[in-house]
Amino acid sequence: MSEAAVTADLLFTNVHLATMADGYGELRDGALAVKDGRIAWLGPRARAPRAAAEHDCGGAWMTPGLVDCHTHIVHGGNRSNEWEARLNGASYEDIARQGGGIMSTVRATRELGVEALVAASLPRVKALLAEGVTTIEIKSGYGLAWAAEERMLRAARAIGEQLPVRVATTFLGAHALPPEFAGRADDYVTEVCERMLPALAQQGLVDAVDAFCERIGFSNAQTERVFAAARRLGLPVKLHAEQLSDQGGAELVARYKGLSADHLEYLSPQGVAAMARAGTVAVLLPGAYYFLRETTPPPVALLREAGVAMAVATDCNPGTSPMTSILLAMNMACTLWRLTPQEALLGTTLHAARALGLHGEIGTLEVGRRADLALWDIARPADLAYAIGFNPCRAVVKDGILRSVGVWLQHT
């Protein structure tokens with residue numbers, strides 16, 4: 001389509017574009033046209049098409065809206081008391097014996113209805129939106145019973161209705177073993193596969209299925225049962241894999257053509273190769289690594305050499321990564337694990353979209369993509385991963401609608 005033939009709803013001018021379609025994909029002194037909520041044209045400002053309205057960006061940079069592709073942001077309570085206890089010398093075993101750990105979050109979450117879960121989660125979500133996030137993945141997994149998992153997923157859907165943000169929901173029923181099934185992990189997996197997942201999927205509450213494959217979670221065989229149930233329902237899978245030990249989870253999720261394998265501190269060369277063959281995205285979660293003071297980093301160099309796409313996410317959760325800053329996650333990925341700033345930005349745009357199966361819709365500035373955009377007061381794209389504790393986001397565009405950050409966050 002020629003420039004003259006385009007009559008856009010809104011034209012952004014005097015803007016530098018980081019399209020993220022080929023590295024940064026920089027286009028200086030550019031313009032971008034939006035029509036019907038999608039990108040209709042982009043190119044040099046001098047060739048910009050006609051539009052019903054025009055917005056002068058004042059020399060700002062524009063990127064795709066950022067994508068936080070791994071969060072547990074819907075939950076009740078917090079665990080700052082446990083964090084303080086650990087710093088005062090308590091062990092994980094001490095805390096668990098006192099009823100702490102994930103089960104403390106399960107108890108707090110089970111006590112809340114949908115509206116209360118939404119109210120508790122909105123401040124955390126809004127903190128991410130203020131940093132240019134326009135898509136967020138939200139997992140269940142703190143209910144560990146059908147009704148509680150349903151409330152979590154309904155709360156996640158409600159957030160997407162109350163705020164201008166795309167929410168991708170992930171069922172994580174196989175997150176931990178609930179007390180009702182103590183000593184009966186296989187029976188609980190049956191409950192997940194035969195009752196919980198089919199019922200929640202039938203209600204349209206599940207976009208993808210996840211599990212925690214780990215010695216303190218679920219075995220490789222139990223995880224495969226969950227994946228097989230997801231496949232029967234036509235749902236994509238992803239996995240918490242190789243965070244604390246190598247359980248072969250990355251190879252398993254790759255065998256099921258999974259969207260992503262997440263954490264990956266103990267990922268083996270065989271797991272890297274399997275992910276490369278399957279096109280499974282590596283989701284790196286530096287917040288948990290930092291908060292738990294881990295010392296074994298994921299094999300970034302091997303992933304890079306094998307051509308595995310690397311996404312970066314906050315892993316926002318109350319126990320191991322109480323982080324609500326995607327920009328800090330980008331900085332940590334660069335500082336702790338030596339990602340380049342370009343890799344970090346690709347990891348929160350194109351590759352994060354791939355980790356959600358949405359790369360045909362979002363994640364790059366290309367004609368036909370959703371007009372989910374972020375405007376930044378920066379000198380160059382690398383600045384987004386550079387500054388610590390500084391937010392240069394000026395405005396966002398969600399589905400073609402421009403809002404300053406302050407106005408956007410007030411929209412409920």
# chains A, B, ... in the order shown; residues from 1 in each chain; ligands from 1
call {"tool": "select_by_dssp", "arguments": {"residues": "stretch 18-123 of chain A", "states": "alpha helix (DSSP H)", "output": "PyMOL selection string"}}
result
chain A and resi 80-87+92-97+102-110+114-123
call {"tool": "residues_around", "arguments": {"residues": "A:Ala385", "least_positions_apart": "3", "cutoff": "9 Å", "atoms": "only C-alpha atoms", "output": "JSON, numbers by chain"}}
result
{"A": [327, 328, 329, 330, 331, 332, 333, 334, 340, 341, 342, 344, 345, 381, 382, 388]}
call {"tool": "write_last_selection", "arguments": {"atoms": "N, CA and C atoms", "output": "PDB file, in the first residue's frame"}}
result
ATOM      1  N   LEU A 327      11.918  -2.947  33.629  1.00  0.00           N
ATOM      2  CA  LEU A 327      13.186  -2.288  33.293  1.00  0.00           C
ATOM      3  C   LEU A 327      14.308  -2.784  34.203  1.00  0.00           C
ATOM      4  N   LEU A 328      14.004  -3.006  35.470  1.00  0.00           N
ATOM      5  CA  LEU A 328      15.018  -3.558  36.370  1.00  0.00           C
ATOM      6  C   LEU A 328      15.376  -4.981  35.969  1.00  0.00           C
ATOM      7  N   ALA A 329      14.383  -5.755  35.548  1.00  0.00           N
ATOM      8  CA  ALA A 329      14.681  -7.115  35.082  1.00  0.00           C
ATOM      9  C   ALA A 329      15.637  -7.082  33.893  1.00  0.00           C
ATOM     10  N   MET A 330      15.439  -6.127  32.984  1.00  0.00           N
ATOM     11  CA  MET A 330      16.341  -5.993  31.841  1.00  0.00           C
ATOM     12  C   MET A 330      17.750  -5.651  32.298  1.00  0.00           C
ATOM     13  N   ASN A 331      17.864  -4.708  33.230  1.00  0.00           N
ATOM     14  CA  ASN A 331      19.177  -4.321  33.737  1.00  0.00           C
ATOM     15  C   ASN A 331      19.870  -5.501  34.413  1.00  0.00           C
ATOM     16  N   MET A 332      19.125  -6.236  35.227  1.00  0.00           N
ATOM     17  CA  MET A 332      19.702  -7.391  35.922  1.00  0.00           C
ATOM     18  C   MET A 332      20.180  -8.447  34.932  1.00  0.00           C
ATOM     19  N   ALA A 333      19.399  -8.688  33.877  1.00  0.00           N
ATOM     20  CA  ALA A 333      19.808  -9.688  32.894  1.00  0.00           C
ATOM     21  C   ALA A 333      21.125  -9.309  32.238  1.00  0.00           C
ATOM     22  N   CYS A 334      21.314  -8.014  32.012  1.00  0.00           N
ATOM     23  CA  CYS A 334      22.571  -7.544  31.422  1.00  0.00           C
ATOM     24  C   CYS A 334      23.711  -7.597  32.429  1.00  0.00           C
ATOM     25  N   THR A 340      23.293  -8.530  26.194  1.00  0.00           N
ATOM     26  CA  THR A 340      23.509  -7.193  25.669  1.00  0.00           C
ATOM     27  C   THR A 340      22.208  -6.392  25.847  1.00  0.00           C
ATOM     28  N   PRO A 341      22.287  -5.064  25.869  1.00  0.00           N
ATOM     29  CA  PRO A 341      21.047  -4.283  25.942  1.00  0.00           C
ATOM     30  C   PRO A 341      20.080  -4.602  24.808  1.00  0.00           C
ATOM     31  N   GLN A 342      20.606  -4.876  23.619  1.00  0.00           N
ATOM     32  CA  GLN A 342      19.723  -5.243  22.510  1.00  0.00           C
ATOM     33  C   GLN A 342      19.027  -6.568  22.805  1.00  0.00           C
ATOM     34  N   ALA A 344      18.337  -7.745  25.728  1.00  0.00           N
ATOM     35  CA  ALA A 344      17.362  -7.511  26.792  1.00  0.00           C
ATOM     36  C   ALA A 344      16.087  -6.894  26.249  1.00  0.00           C
ATOM     37  N   LEU A 345      16.208  -5.951  25.302  1.00  0.00           N
ATOM     38  CA  LEU A 345      15.011  -5.337  24.735  1.00  0.00           C
ATOM     39  C   LEU A 345      14.277  -6.313  23.816  1.00  0.00           C
ATOM     40  N   PRO A 381      18.141   3.274  22.295  1.00  0.00           N
ATOM     41  CA  PRO A 381      17.408   2.144  22.877  1.00  0.00           C
ATOM     42  C   PRO A 381      18.115   1.457  24.045  1.00  0.00           C
ATOM     43  N   ALA A 382      19.444   1.422  24.035  1.00  0.00           N
ATOM     44  CA  ALA A 382      20.173   0.768  25.125  1.00  0.00           C
ATOM     45  C   ALA A 382      19.898   1.402  26.476  1.00  0.00           C
ATOM     46  N   ILE A 388      19.193   2.395  36.531  1.00  0.00           N
ATOM     47  CA  ILE A 388      18.627   1.620  37.632  1.00  0.00           C
ATOM     48  C   ILE A 388      17.680   2.516  38.417  1.00  0.00           C
TER      49      ILE A 388
END
call {"tool": "select_by_dssp", "arguments": {"residues": "stretch 174-220 of chain A", "states": "strand (DSSP E)", "output": "list in words"}}
result
Ala174, Ala208, Val209, Asp210, Ala211, Phe212 and Cys213 of chain A
call {"tool": "closest_residue", "arguments": {"among": "A:Gly400, A:Ala120, A:Gly76, A:Val192", "to": "A:Ala8", "atoms": "only C-alpha atoms"}}
result
A:Gly400
call {"tool": "closest_residue", "arguments": {"among": "A:Ser121, A:Thr13, A:Asn81, A:Thr19", "to": "A:Thr324", "atoms": "only C-alpha atoms"}}
result
A:Ser121
call {"tool": "residues_around", "arguments": {"residues": "A:Ile326", "least_positions_apart": "5", "cutoff": "9 Å", "atoms": "only C-alpha atoms", "output": "CSV table (one decimal) with N, CA and C atoms, in the first residue's frame"}}
result
chain,number,residue,atom,x,y,z
A,66,LEU,N,6.1,-3.2,25.9
A,66,LEU,CA,6.8,-4.3,26.5
A,66,LEU,C,5.9,-5.4,26.9
A,67,VAL,N,6.5,-6.6,27.0
A,67,VAL,CA,5.7,-7.8,27.3
A,67,VAL,C,6.4,-8.5,28.5
A,68,ASP,N,5.6,-8.6,29.6
A,68,ASP,CA,6.1,-9.4,30.8
A,68,ASP,C,5.5,-10.8,30.7
A,128,LEU,N,3.9,-2.2,36.6
A,128,LEU,CA,4.4,-2.6,35.3
A,128,LEU,C,3.9,-1.8,34.1
A,131,GLU,N,5.8,1.3,33.2
A,131,GLU,CA,7.0,1.1,32.5
A,131,GLU,C,6.9,0.6,31.1
A,132,GLY,N,5.7,0.9,30.5
A,132,GLY,CA,5.6,0.6,29.1
A,132,GLY,C,5.1,-0.8,28.8
A,133,VAL,N,4.7,-1.6,29.8
A,133,VAL,CA,4.2,-2.9,29.5
A,133,VAL,C,2.8,-2.8,29.0
A,312,VAL,N,13.0,-12.1,28.7
A,312,VAL,CA,13.3,-11.6,30.0
A,312,VAL,C,12.0,-11.2,30.7
A,313,ALA,N,11.8,-11.7,31.9
A,313,ALA,CA,10.5,-11.4,32.6
A,313,ALA,C,10.8,-11.1,34.1
A,314,THR,N,9.8,-10.6,34.8
A,314,THR,CA,9.9,-10.2,36.2
A,314,THR,C,9.8,-11.4,37.1
A,331,ASN,N,17.9,-4.7,33.2
A,331,ASN,CA,19.2,-4.3,33.7
A,331,ASN,C,19.9,-5.5,34.4
A,348,THR,N,12.1,-8.5,25.9
A,348,THR,CA,10.9,-8.0,26.5
A,348,THR,C,9.9,-7.5,25.4
call {"tool": "residues_around", "arguments": {"residues": "A:Glu111", "least_positions_apart": "4", "cutoff": "12 Å", "atoms": "only C-alpha atoms", "output": "list in words"}}
result
His75, Gly76, Gly77, Ser104, Thr105, Val106, Arg107, Glu115, Ala116, Leu117, Tyr142, Gly143, Ala147, Ala148, Glu149, Arg151 and Met152 of chain A
call {"tool": "write_last_selection", "arguments": {"atoms": "all heavy atoms", "output": "short mmCIF file (atom, residue, chain, number, x, y, z; two decimals), in the first residue's frame"}}
result
data_model
loop_
_atom_site.label_atom_id
_atom_site.label_comp_id
_atom_site.auth_asym_id
_atom_site.auth_seq_id
_atom_site.Cartn_x
_atom_site.Cartn_y
_atom_site.Cartn_z
N HIS A 75 -2.23 -12.83 43.55
CA HIS A 75 -2.09 -13.64 44.76
C HIS A 75 -2.54 -12.83 45.97
O HIS A 75 -2.70 -11.61 45.90
CB HIS A 75 -0.64 -14.11 44.96
CG HIS A 75 0.35 -12.99 45.08
ND1 HIS A 75 0.55 -12.27 46.24
CD2 HIS A 75 1.21 -12.44 44.18
CE1 HIS A 75 1.48 -11.35 46.05
NE2 HIS A 75 1.90 -11.43 44.80
N GLY A 76 -2.72 -13.51 47.08
CA GLY A 76 -3.03 -12.84 48.33
C GLY A 76 -1.82 -12.79 49.23
O GLY A 76 -0.94 -13.65 49.18
N GLY A 77 -1.75 -11.75 50.08
CA GLY A 77 -0.68 -11.63 51.08
C GLY A 77 0.68 -11.37 50.48
O GLY A 77 0.84 -11.16 49.28
N SER A 104 1.89 -20.67 52.64
CA SER A 104 1.37 -19.46 53.26
C SER A 104 0.67 -18.59 52.22
O SER A 104 -0.38 -17.99 52.49
CB SER A 104 2.48 -18.68 53.97
OG SER A 104 3.42 -18.18 53.04
N THR A 105 1.22 -18.54 51.01
CA THR A 105 0.56 -17.80 49.93
C THR A 105 -0.70 -18.51 49.48
O THR A 105 -1.71 -17.86 49.17
CB THR A 105 1.51 -17.62 48.74
OG1 THR A 105 2.67 -16.89 49.17
CG2 THR A 105 0.85 -16.85 47.61
N VAL A 106 -0.69 -19.84 49.45
CA VAL A 106 -1.89 -20.59 49.10
C VAL A 106 -3.02 -20.28 50.09
O VAL A 106 -4.16 -20.01 49.69
CB VAL A 106 -1.59 -22.10 49.05
CG1 VAL A 106 -2.89 -22.91 48.90
CG2 VAL A 106 -0.64 -22.42 47.91
N ARG A 107 -2.71 -20.29 51.38
CA ARG A 107 -3.75 -19.99 52.37
C ARG A 107 -4.30 -18.58 52.18
O ARG A 107 -5.52 -18.36 52.21
CB ARG A 107 -3.19 -20.15 53.79
CG ARG A 107 -2.94 -21.59 54.21
CD ARG A 107 -2.66 -21.70 55.69
NE ARG A 107 -1.44 -20.99 56.07
CZ ARG A 107 -0.22 -21.51 56.03
NH1 ARG A 107 -0.06 -22.77 55.61
NH2 ARG A 107 0.84 -20.82 56.39
N GLU A 115 -12.98 -10.38 43.38
CA GLU A 115 -12.84 -8.93 43.51
C GLU A 115 -11.68 -8.57 44.42
O GLU A 115 -10.92 -7.63 44.15
CB GLU A 115 -14.13 -8.30 44.02
CG GLU A 115 -15.27 -8.34 43.00
CD GLU A 115 -16.49 -7.59 43.49
OE1 GLU A 115 -16.42 -6.97 44.58
OE2 GLU A 115 -17.52 -7.61 42.79
N ALA A 116 -11.52 -9.30 45.51
CA ALA A 116 -10.42 -9.01 46.44
C ALA A 116 -9.07 -9.34 45.81
O ALA A 116 -8.08 -8.62 46.03
CB ALA A 116 -10.61 -9.80 47.73
N LEU A 117 -9.01 -10.40 45.02
CA LEU A 117 -7.77 -10.73 44.33
C LEU A 117 -7.42 -9.65 43.32
O LEU A 117 -6.24 -9.26 43.20
CB LEU A 117 -7.90 -12.08 43.62
CG LEU A 117 -7.77 -13.34 44.49
CD1 LEU A 117 -8.17 -14.57 43.70
CD2 LEU A 117 -6.36 -13.48 45.05
N TYR A 142 -1.59 -20.64 42.96
CA TYR A 142 -1.64 -20.42 44.41
C TYR A 142 -3.00 -20.81 44.98
O TYR A 142 -3.31 -20.51 46.12
CB TYR A 142 -1.33 -18.96 44.76
CG TYR A 142 0.10 -18.56 44.54
CD1 TYR A 142 0.43 -17.44 43.79
CD2 TYR A 142 1.15 -19.31 45.08
CE1 TYR A 142 1.74 -17.07 43.58
CE2 TYR A 142 2.47 -18.95 44.88
CZ TYR A 142 2.75 -17.82 44.12
OH TYR A 142 4.07 -17.45 43.91
N GLY A 143 -3.81 -21.47 44.16
CA GLY A 143 -5.09 -21.99 44.64
C GLY A 143 -4.99 -23.47 44.95
O GLY A 143 -5.37 -23.93 46.02
N ALA A 147 -11.79 -24.54 42.76
CA ALA A 147 -12.49 -23.27 42.96
C ALA A 147 -11.49 -22.13 43.13
O ALA A 147 -11.69 -21.02 42.59
CB ALA A 147 -13.40 -23.35 44.18
N ALA A 148 -10.41 -22.36 43.86
CA ALA A 148 -9.43 -21.30 44.08
C ALA A 148 -8.64 -20.98 42.82
O ALA A 148 -8.33 -19.81 42.54
CB ALA A 148 -8.48 -21.70 45.21
N GLU A 149 -8.32 -22.00 42.04
CA GLU A 149 -7.65 -21.76 40.76
C GLU A 149 -8.57 -20.98 39.82
O GLU A 149 -8.13 -20.07 39.10
CB GLU A 149 -7.23 -23.08 40.12
CG GLU A 149 -6.10 -23.80 40.83
CD GLU A 149 -4.75 -23.14 40.59
OE1 GLU A 149 -4.31 -23.09 39.42
OE2 GLU A 149 -4.16 -22.65 41.57
N ARG A 151 -10.88 -18.83 40.67
CA ARG A 151 -10.94 -17.44 41.12
C ARG A 151 -9.70 -16.67 40.66
O ARG A 151 -9.79 -15.51 40.24
CB ARG A 151 -11.08 -17.37 42.64
CG ARG A 151 -12.43 -17.82 43.15
CD ARG A 151 -12.66 -17.40 44.59
NE ARG A 151 -11.72 -17.98 45.52
CZ ARG A 151 -11.87 -19.17 46.11
NH1 ARG A 151 -12.94 -19.92 45.82
NH2 ARG A 151 -10.98 -19.62 46.98
N MET A 152 -8.54 -17.31 40.73
CA MET A 152 -7.32 -16.66 40.28
C MET A 152 -7.39 -16.32 38.80
O MET A 152 -7.04 -15.20 38.38
CB MET A 152 -6.10 -17.55 40.54
CG MET A 152 -5.70 -17.70 41.99
SD MET A 152 -4.10 -18.55 42.13
CE MET A 152 -2.99 -17.28 41.51
#
call {"tool": "closest_residue", "arguments": {"among": "A:Glu137, A:Glu242, A:Glu82, A:Glu150", "to": "A:Leu112", "atoms": "only C-alpha atoms"}}
result
A:Glu150
call {"tool": "closest_residue", "arguments": {"among": "A:Thr223, A:Thr71, A:Ser260, A:Thr335", "to": "A:Met275", "atoms": "only C-alpha atoms"}}
result
A:Ser260
call {"tool": "residues_around", "arguments": {"residues": "A:His351", "least_positions_apart": "2", "cutoff": "8 Å", "atoms": "only C-alpha atoms", "output": "PyMOL selection string"}}
result
chain A and resi 281+309-311+346-349+353-355+359+363
call {"tool": "write_last_selection", "arguments": {"atoms": "N, CA and C atoms", "output": "mmCIF file, in the first residue's frame"}}
result
data_model
loop_
_atom_site.group_PDB
_atom_site.id
_atom_site.type_symbol
_atom_site.label_atom_id
_atom_site.label_comp_id
_atom_site.auth_asym_id
_atom_site.auth_seq_id
_atom_site.Cartn_x
_atom_site.Cartn_y
_atom_site.Cartn_z
ATOM 1 N N VAL A 281 11.299 -20.972 23.471
ATOM 2 C CA VAL A 281 11.955 -19.760 23.983
ATOM 3 C C VAL A 281 12.500 -20.009 25.387
ATOM 4 N N ALA A 309 15.994 -18.259 21.187
ATOM 5 C CA ALA A 309 15.479 -16.942 21.546
ATOM 6 C C ALA A 309 15.407 -16.820 23.058
ATOM 7 N N MET A 310 15.870 -15.680 23.595
ATOM 8 C CA MET A 310 15.884 -15.456 25.037
ATOM 9 C C MET A 310 14.941 -14.313 25.398
ATOM 10 N N ALA A 311 13.952 -14.612 26.215
ATOM 11 C CA ALA A 311 13.054 -13.594 26.753
ATOM 12 C C ALA A 311 13.485 -13.256 28.176
ATOM 13 N N LEU A 346 15.005 -7.100 23.045
ATOM 14 C CA LEU A 346 14.355 -8.167 22.284
ATOM 15 C C LEU A 346 13.653 -9.142 23.226
ATOM 16 N N GLY A 347 14.258 -9.338 24.395
ATOM 17 C CA GLY A 347 13.698 -10.271 25.375
ATOM 18 C C GLY A 347 12.427 -9.797 26.030
ATOM 19 N N THR A 348 12.126 -8.512 25.931
ATOM 20 C CA THR A 348 10.877 -7.992 26.492
ATOM 21 C C THR A 348 9.941 -7.479 25.397
ATOM 22 N N THR A 349 10.277 -7.781 24.143
ATOM 23 C CA THR A 349 9.404 -7.423 23.023
ATOM 24 C C THR A 349 9.178 -8.670 22.160
ATOM 25 N N ALA A 353 6.992 -11.961 23.256
ATOM 26 C CA ALA A 353 5.768 -12.262 22.512
ATOM 27 C C ALA A 353 5.785 -13.698 22.012
ATOM 28 N N ARG A 354 6.934 -14.165 21.541
ATOM 29 C CA ARG A 354 7.055 -15.562 21.100
ATOM 30 C C ARG A 354 6.782 -16.520 22.258
ATOM 31 N N ALA A 355 7.238 -16.172 23.446
ATOM 32 C CA ALA A 355 7.035 -17.039 24.604
ATOM 33 C C ALA A 355 5.569 -17.173 24.978
ATOM 34 N N HIS A 359 3.630 -13.650 18.766
ATOM 35 C CA HIS A 359 4.565 -12.863 17.965
ATOM 36 C C HIS A 359 3.996 -12.460 16.608
ATOM 37 N N GLY A 363 4.954 -7.312 19.668
ATOM 38 C CA GLY A 363 6.377 -7.558 19.871
ATOM 39 C C GLY A 363 7.301 -6.870 18.900
#
call {"tool": "residues_around", "arguments": {"residues": "stretch 158-160 of chain A", "least_positions_apart": "2", "cutoff": "10 Å", "atoms": "only C-alpha atoms", "output": "list in words"}}
result
Val74, Val114, Glu115, Leu117, Val118, Ala119, Ser121, Leu122, Val125, Thr135, Ile136, Ile138, Met152, Leu153, Arg154, Ala155, Ala156, Gln162, Leu163, Pro164, Val165, Arg166, Val167, Ala168 and Thr412 of chain A
call {"tool": "residues_around", "arguments": {"residues": "A:Gly368", "least_positions_apart": "6", "cutoff": "10 Å", "atoms": "only C-alpha atoms", "output": "VMD selection string"}}
result
chain A and resid 34 to 35 37 to 41 360 to 362
call {"tool": "write_last_selection", "arguments": {"atoms": "all heavy atoms", "output": "CSV table (one decimal), in the first residue's frame"}}
result
chain,number,residue,atom,x,y,z
A,34,VAL,N,-1.4,4.6,12.5
A,34,VAL,CA,-2.3,3.6,13.1
A,34,VAL,C,-3.7,3.7,12.5
A,34,VAL,O,-4.2,4.8,12.3
A,34,VAL,CB,-2.4,3.9,14.7
A,34,VAL,CG1,-3.4,2.9,15.3
A,34,VAL,CG2,-1.0,3.7,15.3
A,35,LYS,N,-4.3,2.6,12.2
A,35,LYS,CA,-5.6,2.5,11.7
A,35,LYS,C,-6.4,1.3,12.3
A,35,LYS,O,-5.8,0.2,12.2
A,35,LYS,CB,-5.7,2.5,10.2
A,35,LYS,CG,-7.1,2.6,9.6
A,35,LYS,CD,-7.0,2.7,8.1
A,35,LYS,CE,-8.4,2.7,7.5
A,35,LYS,NZ,-9.2,3.9,7.9
A,37,GLY,N,-6.7,0.3,15.2
A,37,GLY,CA,-6.0,-0.4,16.3
A,37,GLY,C,-4.8,-1.1,15.9
A,37,GLY,O,-4.1,-1.8,16.7
A,38,ARG,N,-4.4,-1.0,14.6
A,38,ARG,CA,-3.2,-1.7,14.1
A,38,ARG,C,-2.3,-0.8,13.4
A,38,ARG,O,-2.7,0.3,13.0
A,38,ARG,CB,-3.6,-2.9,13.2
A,38,ARG,CG,-4.3,-4.0,13.9
A,38,ARG,CD,-4.6,-5.2,13.0
A,38,ARG,NE,-5.3,-6.3,13.7
A,38,ARG,CZ,-4.7,-7.2,14.4
A,38,ARG,NH1,-3.3,-7.3,14.4
A,38,ARG,NH2,-5.4,-8.2,15.0
A,39,ILE,N,-1.0,-1.2,13.3
A,39,ILE,CA,0.0,-0.4,12.6
A,39,ILE,C,-0.3,-0.5,11.1
A,39,ILE,O,-0.4,-1.6,10.5
A,39,ILE,CB,1.4,-0.9,12.9
A,39,ILE,CG1,1.7,-0.7,14.4
A,39,ILE,CG2,2.4,-0.1,12.0
A,39,ILE,CD1,3.0,-1.4,14.8
A,40,ALA,N,-0.6,0.7,10.5
A,40,ALA,CA,-0.9,0.7,9.0
A,40,ALA,C,0.2,1.1,8.1
A,40,ALA,O,0.2,0.7,7.0
A,40,ALA,CB,-2.1,1.7,8.8
A,41,TRP,N,1.2,1.8,8.7
A,41,TRP,CA,2.4,2.2,7.9
A,41,TRP,C,3.4,2.7,8.9
A,41,TRP,O,3.1,3.2,10.0
A,41,TRP,CB,1.9,3.4,7.0
A,41,TRP,CG,3.1,3.9,6.1
A,41,TRP,CD1,3.5,3.5,4.9
A,41,TRP,CD2,4.0,5.0,6.5
A,41,TRP,NE1,4.5,4.2,4.5
A,41,TRP,CE2,4.9,5.2,5.4
A,41,TRP,CE3,4.1,5.8,7.6
A,41,TRP,CZ2,5.9,6.1,5.5
A,41,TRP,CZ3,5.1,6.7,7.7
A,41,TRP,CH2,6.0,6.9,6.6
A,360,GLY,N,2.9,-13.0,16.2
A,360,GLY,CA,2.2,-12.5,15.0
A,360,GLY,C,1.3,-11.3,15.2
A,360,GLY,O,0.9,-10.7,14.3
A,361,GLU,N,1.1,-11.0,16.5
A,361,GLU,CA,0.3,-9.9,16.9
A,361,GLU,C,1.0,-8.7,17.5
A,361,GLU,O,0.6,-7.6,17.3
A,361,GLU,CB,-0.8,-10.4,17.9
A,361,GLU,CG,-1.9,-11.2,17.3
A,361,GLU,CD,-2.9,-10.3,16.6
A,361,GLU,OE1,-3.5,-9.4,17.3
A,361,GLU,OE2,-3.1,-10.4,15.4
A,362,ILE,N,2.0,-9.0,18.3
A,362,ILE,CA,2.7,-7.9,19.1
A,362,ILE,C,4.2,-8.2,19.1
A,362,ILE,O,4.7,-9.2,18.5
A,362,ILE,CB,2.2,-7.9,20.5
A,362,ILE,CG1,2.4,-9.2,21.2
A,362,ILE,CG2,0.7,-7.5,20.6
A,362,ILE,CD1,2.1,-9.2,22.7
call {"tool": "atom_distance", "arguments": {"atom1": "atom CA of A:Tyr290", "atom2": "atom CA of A:Thr109"}}
result
25.0 Å
